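Here is the structure we will look at, set down as structure tokens.
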Amino acid sequence: MGVRENIIRLRKLTGVTQEELGRIAGVSRSAVSLWEIGDSEPRMGSVQSIADHFHIRKANIIEDGGMDNVLMSASGSLYEKIESDVISPDERHLLDLFRACNQTGREYIIQLAETTSGMFPRE
């Protein structure tokens, strides 16, 4: 899945129109249409604007398969599901939940972890 497919998937996942994505990226609706039919690709400034707006990585937009693990949370924010074997299943679950939160939820989780980390020493 390349840039073209990633942009199509991003729009379908978020429910934004080509016109809305154009406003986010600082381009016209027709530019977004050209991206989606594969006649052109977005400039890095537009990619960065889109990534910043949706709180995803630029790689999610430009790399093959970049949107494969991007999901929509119940709160309406995007997050990337972790597929690594480097972390435990509990850590993976916690990270998935954290990424599904909005900024306020993330700040709360960090505050809770910092407050309780000394209360439960590692075994």
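Just remember, in the structure tokens the first chain shown is A, the second B, etc., residues are 1-based per chain, and ligands are 1-based in the order shown.
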
Selection: 8 Å around A:Met72, only C-alpha atoms, excl. self and same-chain fewer than 5 positions, as a ChimeraX atom specification: /A:13-14,77-79,100

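Those residues that approach stretch 101-118 of chain A to within 8 Å, counting only C-alpha atoms, are A:Ser73, A:Ser75, A:Ser77, A:Leu97, A:Phe98, A:Pro121; same-chain residues fewer than 3 positions away are not listed.
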
Would you compute the distance between atom CA of A:Ala31 and atom CA of A:Lys12? Give it in Å to one decimal. 17.2 Å

Would you kindly return, as a list in words, each protein, DNA or RNA residue with an atom no farther than 10 Å from any atom of A:Ser46, considering only C-alpha atoms and excluding same-chain residues fewer than 3 positions away? Leu21, Gly22, Arg23, Ile24, Ala25, Gly26, Val27, Glu41, Pro42, Arg43, Ser49, Ile50, Ala51, Asp52 and Lys58 of chain A

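You can rank A:Glu20, A:Glu63, A:Asp68, A:Glu5 by their closest distance to A:Gly38 using only C-alpha atoms, and at the top of that list sits A:Glu5.
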
Please return as a ChimeraX atom specification: the residues of stretch 40-94 of chain A that backbone DSSP assigns to strand (DSSP E or B). /A:70-72,78-80

Restricting it to N, CA and C atoms, dump the selection as a compact mmCIF listing (two decimals), in the first residue's frame.
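The file below, again.txt, is the result:
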# COMPACT_ATOMS: atom_id res chain seq x y z
N VAL A 70 -3.13 1.26 11.49
CA VAL A 70 -3.75 2.45 12.05
C VAL A 70 -5.24 2.18 12.23
N LEU A 71 -5.70 2.43 13.45
CA LEU A 71 -7.10 2.18 13.80
C LEU A 71 -7.74 3.44 14.36
N MET A 72 -9.05 3.46 14.41
CA MET A 72 -9.81 4.57 15.00
C MET A 72 -10.29 4.13 16.37
N LEU A 78 -7.01 8.59 15.96
CA LEU A 78 -6.29 7.50 15.31
C LEU A 78 -5.15 7.04 16.20
N TYR A 79 -4.84 5.78 16.12
CA TYR A 79 -3.68 5.24 16.82
C TYR A 79 -3.14 4.06 16.04
N GLU A 80 -1.89 3.75 16.28
CA GLU A 80 -1.25 2.65 15.57
C GLU A 80 -1.12 1.45 16.48

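Around A:Asn69, within 12 Å and counting only C-alpha atoms, the residues found are Met1, Asn6, Arg9, Leu10, Leu13, Ile56, Arg57, Ala59, Asn60, Ile61, Asp64, Gly65, Leu78, Tyr79, Glu80, Lys81, Ile82, Glu83, Ser84 and Asp96 of chain A, once anything fewer than 4 positions away on its own chain is removed.
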
Near-A:Glu19 list (8 Å; only C-alpha atoms; drop same-chain fewer than 6 positions) as a ChimeraX atom specification: /A:28-29,32
